[in-house]
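Shown next: model-v8.txt, containing compact mmCIF, C-alpha atoms.
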```txt
# COMPACT_ATOMS: atom_id res chain seq x y z
CA MET A 281 19.98 18.48 1.98
CA SER A 282 21.72 15.21 2.88
CA ALA A 283 19.75 12.39 4.46
CA SER A 284 21.46 12.90 7.81
CA GLY A 285 20.79 16.65 7.63
CA LYS A 286 17.14 16.08 6.83
CA LEU A 287 16.79 13.60 9.69
CA ALA A 288 18.37 16.09 12.10
CA SER A 289 15.88 18.74 11.01
CA LEU A 290 12.98 16.38 11.76
CA ARG A 291 14.08 15.51 15.28
CA LEU A 292 11.84 16.67 18.08
CA PRO A 293 12.80 19.77 20.09
CA PRO A 294 13.58 19.41 23.84
CA LEU A 295 10.52 18.06 25.65
CA PRO A 296 9.65 16.75 29.11
CA THR A 297 10.72 13.11 29.42
CA VAL A 298 8.10 10.39 29.19
CA GLY A 299 8.50 9.82 32.91
CA GLU A 300 7.91 13.52 33.59
CA LEU A 301 4.76 13.47 31.44
CA ILE A 302 3.46 10.49 33.39
CA LYS A 303 3.90 12.46 36.61
CA LEU A 304 2.56 15.68 35.10
CA TYR A 305 -0.70 14.09 33.95
CA ASN A 306 -0.85 11.62 36.87
CA LEU A 307 -0.92 8.62 34.52
CA ARG A 308 -1.04 5.06 35.80
CA ALA A 309 -1.00 1.83 33.84
CA GLU A 310 -4.42 0.19 34.04
CA LYS A 311 -4.14 -3.52 34.84
CA GLN A 312 -7.52 -4.34 33.26
CA LEU A 313 -6.25 -2.84 29.97
CA SER A 314 -2.95 -4.81 30.17
CA GLN A 315 -0.98 -1.53 30.01
CA ASN A 316 2.78 -1.58 30.52
CA PHE A 317 4.83 1.55 29.76
CA LEU A 318 8.20 1.37 28.02
CA LEU A 319 10.13 4.45 29.14
CA ASP A 320 13.66 3.65 27.89
CA LEU A 321 14.03 5.54 24.58
CA ARG A 322 17.00 3.35 23.63
CA LEU A 323 14.62 0.38 23.56
CA THR A 324 11.88 2.25 21.71
CA ASP A 325 14.50 3.37 19.16
CA LYS A 326 15.56 -0.28 18.78
CA ILE A 327 11.95 -1.36 18.13
CA VAL A 328 11.57 1.33 15.46
CA ARG A 329 14.80 0.25 13.74
CA GLN A 330 13.28 -3.22 13.18
CA ALA A 331 10.68 -1.60 10.92
CA GLY A 332 13.42 -0.43 8.51
CA ASN A 333 13.98 3.01 7.04
CA LEU A 334 11.10 5.28 8.09
CA MET A 335 12.35 8.45 6.39
CA ASP A 336 9.30 10.13 4.78
CA ALA A 337 7.18 7.08 5.69
CA HIS A 338 3.53 6.89 6.69
CA VAL A 339 3.13 5.10 10.03
CA CYS A 340 0.18 3.93 12.11
CA GLU A 341 1.04 3.44 15.77
CA VAL A 342 -1.26 1.27 17.86
CA GLY A 343 -1.84 2.32 21.47
CA PRO A 344 0.86 5.01 21.88
CA GLY A 345 0.09 5.50 25.59
CA PRO A 346 2.43 8.12 27.11
CA GLY A 347 4.25 8.45 23.77
CA GLY A 348 7.68 6.84 24.22
CA LEU A 349 7.51 4.84 20.97
CA THR A 350 5.80 7.82 19.30
CA ARG A 351 8.90 9.97 19.93
CA SER A 352 11.18 7.34 18.42
CA ILE A 353 9.00 7.10 15.29
CA LEU A 354 8.99 10.87 14.83
CA ASN A 355 12.75 11.07 15.43
CA SER A 356 13.27 8.40 12.74
CA GLY A 357 11.98 10.81 10.08
CA ALA A 358 8.40 9.61 9.54
CA ALA A 359 6.49 12.23 7.54
CA ASP A 360 3.00 11.20 8.67
CA LEU A 361 2.28 9.42 11.94
CA LEU A 362 -1.28 8.37 12.78
CA VAL A 363 -1.72 7.22 16.39
CA VAL A 364 -4.82 5.34 17.54
CA GLU A 365 -5.35 5.56 21.31
CA LYS A 366 -8.36 4.21 23.21
CA ASP A 367 -7.53 5.71 26.63
CA THR A 368 -8.50 9.40 26.91
CA ARG A 369 -5.93 9.99 29.69
CA PHE A 370 -3.09 9.90 27.15
CA ILE A 371 -4.55 12.39 24.67
CA PRO A 372 -3.14 15.60 26.33
CA GLY A 373 0.42 14.23 26.29
CA LEU A 374 0.04 13.18 22.65
CA LYS A 375 -1.23 16.66 21.76
CA LEU A 376 1.96 18.07 23.26
CA LEU A 377 3.97 15.85 20.89
CA SER A 378 1.75 16.94 17.99
CA GLU A 379 2.55 20.59 18.70
CA ALA A 380 6.26 19.75 18.76
CA ALA A 381 6.01 18.04 15.33
CA PRO A 382 3.59 20.28 13.39
CA GLY A 383 1.82 18.55 10.50
CA ARG A 384 3.39 15.17 11.23
CA LEU A 385 1.29 13.65 14.02
CA ARG A 386 -2.44 12.88 13.80
CA ILE A 387 -4.32 11.63 16.86
CA VAL A 388 -7.37 9.34 16.71
CA HIS A 389 -9.25 8.60 19.91
CA GLY A 390 -10.61 5.14 19.20
CA ASP A 391 -10.24 1.36 19.36
CA ILE A 392 -7.82 -0.17 16.86
CA LEU A 393 -10.04 -3.29 16.65
CA THR A 394 -12.81 -1.21 15.08
CA TYR A 395 -10.89 1.73 13.54
CA ARG A 396 -11.03 1.85 9.71
CA THR A 397 -7.32 1.85 8.87
CA ASP A 398 -8.25 1.55 5.20
CA ARG A 399 -9.37 5.19 5.41
CA GLY A 400 -6.42 6.49 7.40
CA PHE A 401 -3.99 7.24 4.56
CA PRO A 402 -4.17 8.68 1.02
CA ALA A 403 -4.53 6.28 -1.92
CA THR A 404 -1.25 7.57 -3.35
CA VAL A 405 0.55 5.55 -0.63
CA SER A 406 -0.65 2.32 -2.28
CA LYS A 407 1.54 -0.15 -4.11
CA PRO A 408 0.16 -3.26 -5.83
CA TRP A 409 0.82 -6.73 -4.49
CA GLY A 410 2.47 -7.80 -7.74
CA GLY A 411 -0.26 -9.51 -9.72
CA GLY A 412 -3.26 -11.76 -9.18
CA GLU A 413 -6.42 -10.86 -7.34
CA LYS A 414 -4.84 -8.24 -5.10
CA TRP A 415 -3.66 -6.31 -8.17
CA LYS A 416 -7.31 -6.25 -9.31
CA LEU A 417 -8.32 -4.93 -5.88
CA TYR A 418 -5.65 -2.28 -6.17
CA LYS A 419 -6.96 -1.12 -9.54
CA LEU A 420 -10.48 -0.96 -8.13
CA LEU A 421 -9.19 1.18 -5.25
CA LEU A 422 -7.50 3.59 -7.64
CA ARG A 423 -10.61 3.79 -9.78
CA SER A 424 -12.80 4.48 -6.73
CA VAL A 425 -10.74 7.51 -5.74
CA LYS A 426 -10.26 8.67 -9.36
CA TYR A 427 -6.50 8.29 -9.09
CA LYS A 428 -5.41 9.00 -12.67
CA GLN A 429 -1.67 8.45 -12.90
CA ILE A 430 -0.29 4.90 -12.76
CA THR A 431 3.42 4.54 -13.46
CA GLU A 432 4.85 1.95 -15.83
CA THR A 433 6.31 0.04 -12.86
CA GLU A 434 2.85 -0.15 -11.28
CA LYS A 435 1.34 -1.35 -14.56
CA CYS A 436 3.82 -4.21 -14.57
CA GLY A 437 2.90 -5.10 -10.98
CA SER A 438 5.68 -3.87 -8.67
CA THR A 439 6.20 -6.17 -5.68
CA ASP A 440 7.67 -3.50 -3.38
CA PRO A 441 5.75 -2.88 -0.14
CA PRO A 442 4.25 0.59 0.31
CA ASN A 443 6.11 3.13 2.46
CA LEU A 444 3.55 2.44 5.17
CA HIS A 445 4.16 0.70 8.48
CA ILE A 446 2.15 -0.38 11.50
CA ILE A 447 4.11 -0.25 14.75
CA GLY A 448 2.90 -0.85 18.27
CA ASN A 449 3.69 -1.88 21.82
CA LEU A 450 0.48 -3.89 22.11
CA PRO A 451 -1.39 -4.54 25.35
CA PHE A 452 -1.26 -8.29 26.01
CA SER A 453 -5.06 -8.56 26.11
CA VAL A 454 -5.48 -7.29 22.54
CA SER A 455 -2.35 -8.58 20.80
CA THR A 456 -3.58 -12.05 19.71
CA PRO A 457 -7.09 -11.06 18.53
CA LEU A 458 -5.58 -8.08 16.72
CA ILE A 459 -2.95 -10.05 14.81
CA ILE A 460 -5.58 -12.66 13.83
CA LYS A 461 -7.81 -9.84 12.56
CA TRP A 462 -4.92 -8.36 10.58
CA LEU A 463 -3.95 -11.76 9.15
CA GLU A 464 -7.50 -12.10 7.82
CA ASP A 465 -7.31 -8.54 6.45
CA MET A 466 -4.02 -9.48 4.81
CA ALA A 467 -5.55 -12.55 3.13
CA ASN A 468 -8.49 -10.47 1.86
CA GLY A 469 -6.58 -7.30 0.93
CA THR A 470 -8.68 -5.25 3.36
CA GLY A 471 -7.99 -2.97 6.35
CA PRO A 472 -4.40 -1.64 6.30
CA PHE A 473 -3.61 -3.98 3.38
CA VAL A 474 -5.73 -2.10 0.83
CA TYR A 475 -2.52 -0.10 0.37
CA GLY A 476 -0.46 -3.19 -0.46
CA ARG A 477 1.94 -5.32 1.56
CA THR A 478 1.92 -3.10 4.65
CA ARG A 479 4.62 -4.20 7.11
CA LEU A 480 4.01 -4.70 10.82
CA THR A 481 6.39 -4.35 13.78
CA LEU A 482 4.63 -5.35 17.00
CA THR A 483 5.26 -6.52 20.54
CA PHE A 484 3.80 -9.69 22.06
CA GLN A 485 4.30 -11.77 25.15
CA LYS A 486 7.49 -13.76 24.58
CA GLU A 487 5.52 -17.02 24.41
CA VAL A 488 3.23 -15.63 21.67
CA ALA A 489 6.22 -14.25 19.75
CA GLU A 490 7.82 -17.71 19.84
CA ARG A 491 4.60 -19.33 18.62
CA LEU A 492 4.29 -16.86 15.73
CA THR A 493 7.80 -17.70 14.49
CA ALA A 494 8.01 -21.41 15.48
CA SER A 495 9.34 -23.76 12.83
CA THR A 496 7.93 -27.16 11.86
CA GLY A 497 8.61 -29.76 14.52
CA SER A 498 9.23 -27.34 17.39
CA LYS A 499 7.31 -27.48 20.68
CA GLN A 500 6.02 -23.92 20.15
CA ARG A 501 4.49 -24.78 16.75
CA SER A 502 0.80 -23.85 16.86
CA ARG A 503 -2.21 -22.70 14.86
CA LEU A 504 -0.84 -19.15 15.09
CA SER A 505 2.48 -20.27 13.54
CA VAL A 506 0.79 -21.68 10.46
CA MET A 507 -1.71 -18.85 10.01
CA ALA A 508 1.04 -16.22 10.20
CA GLN A 509 3.65 -18.03 8.13
CA TYR A 510 1.44 -18.99 5.20
CA LEU A 511 0.76 -15.28 4.68
CA CYS A 512 3.99 -13.56 5.83
CA THR A 513 7.67 -13.69 6.37
CA VAL A 514 7.75 -13.53 10.19
CA ARG A 515 10.87 -12.57 12.15
CA ASN A 516 11.38 -12.66 15.91
CA CYS A 517 13.62 -9.58 16.23
CA PHE A 518 14.65 -9.50 19.90
CA THR A 519 13.35 -9.94 23.43
CA ILE A 520 12.76 -7.13 25.91
CA PRO A 521 13.06 -8.20 29.57
CA GLY A 522 9.94 -7.58 31.64
CA ARG A 523 11.90 -5.36 34.05
CA ALA A 524 12.20 -2.73 31.28
CA PHE A 525 8.46 -1.99 31.56
CA VAL A 526 6.50 -0.02 34.14
CA PRO A 527 4.79 -1.76 35.85
CA LYS A 528 6.91 -4.88 35.38
CA PRO A 529 4.88 -7.67 33.73
CA GLU A 530 5.32 -11.27 34.80
CA VAL A 531 6.66 -12.22 31.36
CA ASP A 532 9.27 -10.96 28.90
CA VAL A 533 8.21 -9.34 25.63
CA GLY A 534 9.16 -10.25 22.06
CA VAL A 535 9.33 -7.84 19.11
CA VAL A 536 8.05 -9.45 15.88
CA HIS A 537 8.26 -8.10 12.31
CA PHE A 538 5.80 -9.22 9.59
CA THR A 539 6.25 -8.73 5.84
CA PRO A 540 3.27 -10.01 3.79
CA LEU A 541 4.18 -12.41 0.99
CA VAL A 542 3.41 -11.43 -2.61
CA GLN A 543 1.38 -14.64 -2.90
CA PRO A 544 0.08 -16.58 0.14
CA GLN A 545 1.49 -20.09 0.41
CA ILE A 546 -2.07 -21.45 0.61
CA GLN A 547 -4.44 -20.23 -2.10
CA GLN A 548 -7.72 -20.80 -0.27
CA PRO A 549 -10.09 -18.45 1.63
CA PHE A 550 -8.78 -17.46 5.05
CA LYS A 551 -11.74 -18.91 6.97
CA LEU A 552 -11.38 -22.29 5.24
CA VAL A 553 -7.64 -22.41 6.02
CA GLU A 554 -8.27 -21.34 9.63
CA LYS A 555 -10.90 -24.07 10.06
CA VAL A 556 -8.59 -26.81 8.78
CA VAL A 557 -5.63 -25.61 10.86
CA ARG A 558 -7.74 -25.11 14.00
CA ASN A 559 -9.25 -28.60 13.81
CA ILE A 560 -5.88 -30.26 13.32
CA PHE A 561 -4.22 -28.38 16.19
CA GLN A 562 -7.02 -29.11 18.66
CA PHE A 563 -5.45 -32.57 18.93
CA ARG A 564 -1.84 -31.42 18.67
CA ARG A 565 -0.42 -34.48 20.47
CA LYS A 566 -2.39 -37.00 18.43
CA TYR A 567 -2.05 -38.05 14.80
CA CYS A 568 -3.29 -35.37 12.42
CA HIS A 569 -6.07 -37.55 11.02
CA LYS A 570 -7.85 -37.23 14.39
CA GLY A 571 -8.25 -33.49 13.80
CA VAL A 572 -9.18 -33.99 10.14
CA GLU A 573 -11.98 -36.34 11.22
CA LYS A 574 -13.66 -33.51 13.10
CA LEU A 575 -14.15 -31.58 9.85
CA PHE A 576 -16.91 -34.01 8.88
CA PRO A 577 -20.29 -35.13 10.28
CA GLU A 578 -20.27 -38.44 12.13
CA ALA A 579 -22.36 -40.16 9.44
CA CYS A 580 -19.59 -39.90 6.84
CA ARG A 581 -16.57 -39.09 9.01
CA MET A 582 -14.34 -42.09 8.32
CA GLU A 583 -15.06 -42.20 4.60
CA LEU A 584 -14.37 -38.47 3.96
CA THR A 585 -11.33 -38.37 6.26
CA GLN A 586 -9.73 -41.18 4.29
CA GLU A 587 -10.58 -39.47 1.00
CA MET A 588 -9.16 -36.13 2.16
CA MET A 589 -5.92 -37.66 3.45
CA GLN A 590 -5.47 -39.56 0.17
CA LYS A 591 -6.17 -36.48 -1.95
CA ALA A 592 -3.66 -34.46 0.10
CA ASP A 593 -1.10 -37.30 0.09
CA VAL A 594 -0.23 -36.55 3.72
CA ASP A 595 0.89 -39.21 6.19
CA PRO A 596 -2.06 -39.53 8.62
CA THR A 597 0.29 -40.52 11.47
CA LEU A 598 2.09 -37.15 11.49
CA ARG A 599 1.26 -34.86 14.39
CA ALA A 600 0.05 -31.28 13.93
CA THR A 601 3.43 -29.80 14.90
CA GLU A 602 5.18 -31.98 12.29
CA LEU A 603 3.15 -30.77 9.32
CA THR A 604 4.81 -28.30 6.94
CA ILE A 605 3.06 -25.35 5.31
CA SER A 606 3.00 -27.26 2.00
CA GLN A 607 1.23 -30.19 3.73
CA PHE A 608 -1.31 -27.80 5.25
CA ARG A 609 -1.77 -26.39 1.74
CA ALA A 610 -2.47 -29.88 0.37
CA LEU A 611 -4.97 -30.54 3.17
CA ALA A 612 -6.74 -27.20 2.65
CA ASP A 613 -6.93 -27.83 -1.11
CA ALA A 614 -8.35 -31.32 -0.55
CA TYR A 615 -10.91 -29.98 1.94
CA ALA A 616 -11.91 -27.22 -0.51
CA GLN A 617 -12.54 -29.88 -3.21
CA LEU A 618 -14.80 -31.83 -0.86
CA CYS A 619 -16.65 -28.64 0.09
CA SER A 620 -17.22 -27.75 -3.54
CA ARG A 621 -18.81 -31.18 -3.99
CA GLU A 622 -20.85 -30.89 -0.76
CA PRO A 623 -21.15 -27.18 0.24
CA SER A 624 -22.81 -27.94 3.60
CA LEU A 625 -19.46 -29.26 4.88
CA LEU A 626 -18.12 -25.73 5.07
CA SER A 627 -20.64 -24.73 7.73
CA TYR A 628 -20.30 -27.96 9.72
CA GLU A 629 -18.80 -27.62 13.21
CA PHE A 630 -17.96 -30.69 15.28
CA ARG A 631 -18.64 -28.98 18.61
CA GLU A 632 -22.09 -27.91 17.47
CA GLU A 633 -22.90 -31.52 16.53
CA LEU A 634 -21.65 -32.57 19.98
CA ARG A 635 -23.83 -29.93 21.65
CA LEU A 636 -26.93 -31.15 19.80
CA LYS A 637 -26.15 -34.73 20.81
CA HIS A 638 -25.93 -33.79 24.48
CA LEU A 639 -29.13 -31.76 24.14
CA GLY A 640 -30.90 -34.76 22.63
CA ARG A 641 -29.76 -37.02 25.50
CA ARG A 642 -30.98 -34.51 28.08
CA ARG A 643 -34.37 -34.24 26.42
CA ASN A 644 -34.69 -38.03 26.42
CA SER A 645 -34.02 -38.15 30.16
CA PRO A 646 -37.02 -38.62 32.56
CA THR A 647 -36.83 -35.01 33.80
CA ASP A 648 -37.26 -33.70 30.27
CA ALA A 649 -39.74 -36.31 29.05
CA LEU A 650 -42.57 -33.76 28.98
CA SER A 651 -40.62 -31.30 26.80
CA SER A 652 -42.48 -30.72 23.56
CA THR A 653 -39.67 -28.99 21.63
CA PRO A 654 -37.81 -31.51 19.46
CA PRO A 655 -33.99 -31.16 19.14
CA GLU A 656 -32.56 -29.83 15.91
CA PRO A 657 -31.62 -32.63 13.49
CA LEU A 658 -27.96 -33.63 13.28
CA GLN A 659 -26.22 -32.80 10.02
CA THR A 660 -25.86 -35.68 7.57
CA CYS A 661 -23.68 -36.04 4.51
```

Represent the structure of the file as structure tokens.
Amino acid sequence: MSASGKLASLRLPPLPTVGELIKLYNLRAEKQLSQNFLLDLRLTDKIVRQAGNLMDAHVCEVGPGPGGLTRSILNSGAADLLVVEKDTRFIPGLKLLSEAAPGRLRIVHGDILTYRTDRGFPATVSKPWGGGEKWKLYKLLLRSVKYKQITETEKCGSTDPPNLHIIGNLPFSVSTPLIIKWLEDMANGTGPFVYGRTRLTLTFQKEVAERLTASTGSKQRSRLSVMAQYLCTVRNCFTIPGRAFVPKPEVDVGVVHFTPLVQPQIQQPFKLVEKVVRNIFQFRRKYCHKGVEKLFPEACRMELTQEMMQKADVDPTLRATELTISQFRALADAYAQLCSREPSLLSYEFREELRLKHLGRRRNSPTDALSSTPPEPLQTC
């Protein structure tokens, strides 16, 4: 059978429209859950096309709601679609779709922030990252499930992504914490990335989409830009006007596609990188050395800041938005060297030191003079 013939055979039979299902089950978007329905199947088809060829693919859809995007994924030829939906009101409509696509749609009633996506698909979907530590993780995964046959291409470390995709029209309230969680999973080879370089096609508020894809020097450049781009190729696909959604949100929506890199551009633990980037961007309008200073206790702040900037060979008068990924890499590497010499630096947090200082001042005030509990000691170098 030709590809077009096979695709035609996988298309859904005639069904009630998404709008009719909403009326049938008396569904309303819940404001507290940041729900906005996308009913135009031409737009849902366009979102699915950004993911690439889904013929015979495994797909995880996040928050399918009334099932508009779900229909487009099934019509694109996906062989196995796992939908994770938190809101019980949508389950009956999704079961109707499951009956129309027998054996192709699995429904999980749960929260995507806690759902174990690493258990959602068979190990045979996996493809190695192409060498290094993640290839070792991949071999451990295969060994754990007693997967016996590894092809010659796999032995050599194929860099192709698995035929597995995550697609979702994300509620605004969950989109940022979810992508940060997945970026950490990506760095560690956990969650949906135990299968390899799983690709993501997701919606965000337009402002967040612009931050994710912002280039060095742009006004939108942020912590999120660096954290996403050191791990992925990130593409802002297109913008959906807010009027296309029901109810209409106050902002437009951007569709963003993520392809994990074979090797991250910064070879340090995710939490260390995040700490360096977060501290530098908390003073985004000031010189970057101001943020670097806050990585160190007050007692040795100036000395270690100067040493770190010299090790990294980064101009201390650059602002956070002007730093390239390679400069963030140099800073993270320099910070990691200092932490290996003095491990307590890794757990140091400037705001905690500030809190203890304020606590100490309060306890030294006349109203607290009778307090017998001494403040915790400030961290020293």

Which residues of segment 575-625 of chain A have any atom within 9 Å of an atom in segment 542-549 of chain A when counting only C-alpha atoms, and what is the closest pair of atoms for each, with the distance in Å to one decimal? Order the rows by chain and rising number and write it as JSON lines.
```
{"residue": "A:Ile605", "atom": "CA", "partner": "A:Gln545", "partner_atom": "CA", "distance": 7.4}
{"residue": "A:Ser606", "atom": "CA", "partner": "A:Gln545", "partner_atom": "CA", "distance": 7.5}
{"residue": "A:Phe608", "atom": "CA", "partner": "A:Ile546", "partner_atom": "CA", "distance": 7.9}
{"residue": "A:Arg609", "atom": "CA", "partner": "A:Ile546", "partner_atom": "CA", "distance": 5.1}
{"residue": "A:Ala610", "atom": "CA", "partner": "A:Ile546", "partner_atom": "CA", "distance": 8.4}
{"residue": "A:Ala612", "atom": "CA", "partner": "A:Gln548", "partner_atom": "CA", "distance": 7.1}
{"residue": "A:Asp613", "atom": "CA", "partner": "A:Gln548", "partner_atom": "CA", "distance": 7.1}
{"residue": "A:Ala616", "atom": "CA", "partner": "A:Gln548", "partner_atom": "CA", "distance": 7.7}
```

Which one is closest to Leu354 of chain A: A:Leu376, A:Ala467, A:Leu292, A:Val405? Count only C-alpha atoms.
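Once distances to Leu354 of chain A are computed over only C-alpha atoms, the minimum belongs to A:Leu292.
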
Grab the atom CA of Ile460 of chain A to atom CA of Pro527 of chain A distance for me, in Å with one decimal place.
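If I compute the distance from atom CA of Ile460 of chain A to atom CA of Pro527 of chain A, I get 26.7 Å.
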
Around (8.0, -24.0, 18.6) in the file's frame, which residues reach within 12 Å when counting all atoms listed in the file? Return as a list in words?
Lys486, Glu487, Val488, Ala489, Glu490, Arg491, Leu492, Thr493, Ala494, Ser495, Thr496, Gly497, Ser498, Lys499, Gln500, Arg501, Ser502, Arg503, Leu504, Ser505, Val506, Ala600, Thr601 and Glu602 of chain A

Please identify all polymer residues within 7 Å of Val298 of chain A, counting all atoms listed in the file, omitting same-chain residues fewer than 3 positions from it, and present them as a PyMOL selection string.
chain A and resi 301-302+319+346-348

For atom CA of Asn443 of chain A and atom CA of Met335 of chain A, the interatomic separation in Å (one decimal)
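Answer for the atom CA of Asn443 of chain A to atom CA of Met335 of chain A separation: 9.1 Å.
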
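Reported to one decimal place, the separation of atom CA of Lys566 of chain A from atom CA of Ala614 of chain A is 20.7 Å.
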
Have a look at A:Lys303, A:His338, A:Arg599, A:Arg322 and name the one nearest to Ser406 of chain A; count all atoms listed in the file.
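Nearest candidate to Ser406 of chain A out of A:Lys303, A:His338, A:Arg599, A:Arg322: A:His338.
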
Closest to Thr481 of chain A among A:Arg399, A:Arg558, A:Arg635, A:Arg515, using only C-alpha atoms?
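Using only C-alpha atoms, the shortest distance to Thr481 of chain A belongs to A:Arg515.
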
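Of the listed residues A:Gly357, A:Pro529, A:Pro457, A:Pro540, the one whose atoms come nearest to Asp440 of chain A is A:Pro540, with distances taken using all atoms listed in the file.
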
Shell around Leu323 of chain A at 10 Å using all atoms listed in the file, local window under 2 positions removed, as an MDAnalysis selection string:
chainID A and resid 318:321 325:329 348:349 352 520 524

Given only C-alpha atoms as the basis, pick out the residue of A:Thr513, A:Ser624, A:Val474, A:Lys366 nearest to Tyr395 of chain A.
A:Lys366

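You can rank A:Glu530, A:Glu310, A:Glu629, A:Asp595 by their closest distance to Lys555 of chain A using all atoms listed in the file, and at the top of that list sits A:Glu629.
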
Mind checking which residues fall within 10 Å of Lys574 of chain A, counting all atoms listed in the file, ignoring those fewer than 5 positions away in the same chain, and posting them as an mmCIF file with C-alpha atoms, in the coordinates of the input?
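Done, and the output landed in around02.cif:
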```cif
data_model
loop_
_atom_site.group_PDB
_atom_site.id
_atom_site.type_symbol
_atom_site.label_atom_id
_atom_site.label_comp_id
_atom_site.auth_asym_id
_atom_site.auth_seq_id
_atom_site.Cartn_x
_atom_site.Cartn_y
_atom_site.Cartn_z
ATOM 1 C CA VAL A 556 -8.590 -26.810 8.780
ATOM 2 C CA ASN A 559 -9.250 -28.600 13.810
ATOM 3 C CA ILE A 560 -5.880 -30.260 13.320
ATOM 4 C CA GLN A 562 -7.020 -29.110 18.660
ATOM 5 C CA HIS A 569 -6.070 -37.550 11.020
ATOM 6 C CA ARG A 581 -16.570 -39.090 9.010
ATOM 7 C CA MET A 582 -14.340 -42.090 8.320
ATOM 8 C CA THR A 585 -11.330 -38.370 6.260
ATOM 9 C CA TYR A 628 -20.300 -27.960 9.720
ATOM 10 C CA GLU A 629 -18.800 -27.620 13.210
ATOM 11 C CA PHE A 630 -17.960 -30.690 15.280
ATOM 12 C CA ARG A 631 -18.640 -28.980 18.610
#
```

Residues near segment 367-375 of chain A, cut-off 8 Å, only C-alpha atoms, skip fewer than 3 positions along chain, as a short mmCIF file (atom, residue, chain, number, x, y, z; two decimals) with C-alpha atoms, keeping the file's coordinate frame:
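Saved file around_29.cif follows:
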```cif
data_model
loop_
_atom_site.label_atom_id
_atom_site.label_comp_id
_atom_site.auth_asym_id
_atom_site.auth_seq_id
_atom_site.Cartn_x
_atom_site.Cartn_y
_atom_site.Cartn_z
CA LEU A 301 4.76 13.47 31.44
CA TYR A 305 -0.70 14.09 33.95
CA LEU A 307 -0.92 8.62 34.52
CA GLY A 345 0.09 5.50 25.59
CA PRO A 346 2.43 8.12 27.11
CA GLY A 347 4.25 8.45 23.77
CA SER A 378 1.75 16.94 17.99
CA GLU A 379 2.55 20.59 18.70
CA ILE A 387 -4.32 11.63 16.86
CA HIS A 389 -9.25 8.60 19.91
#
```
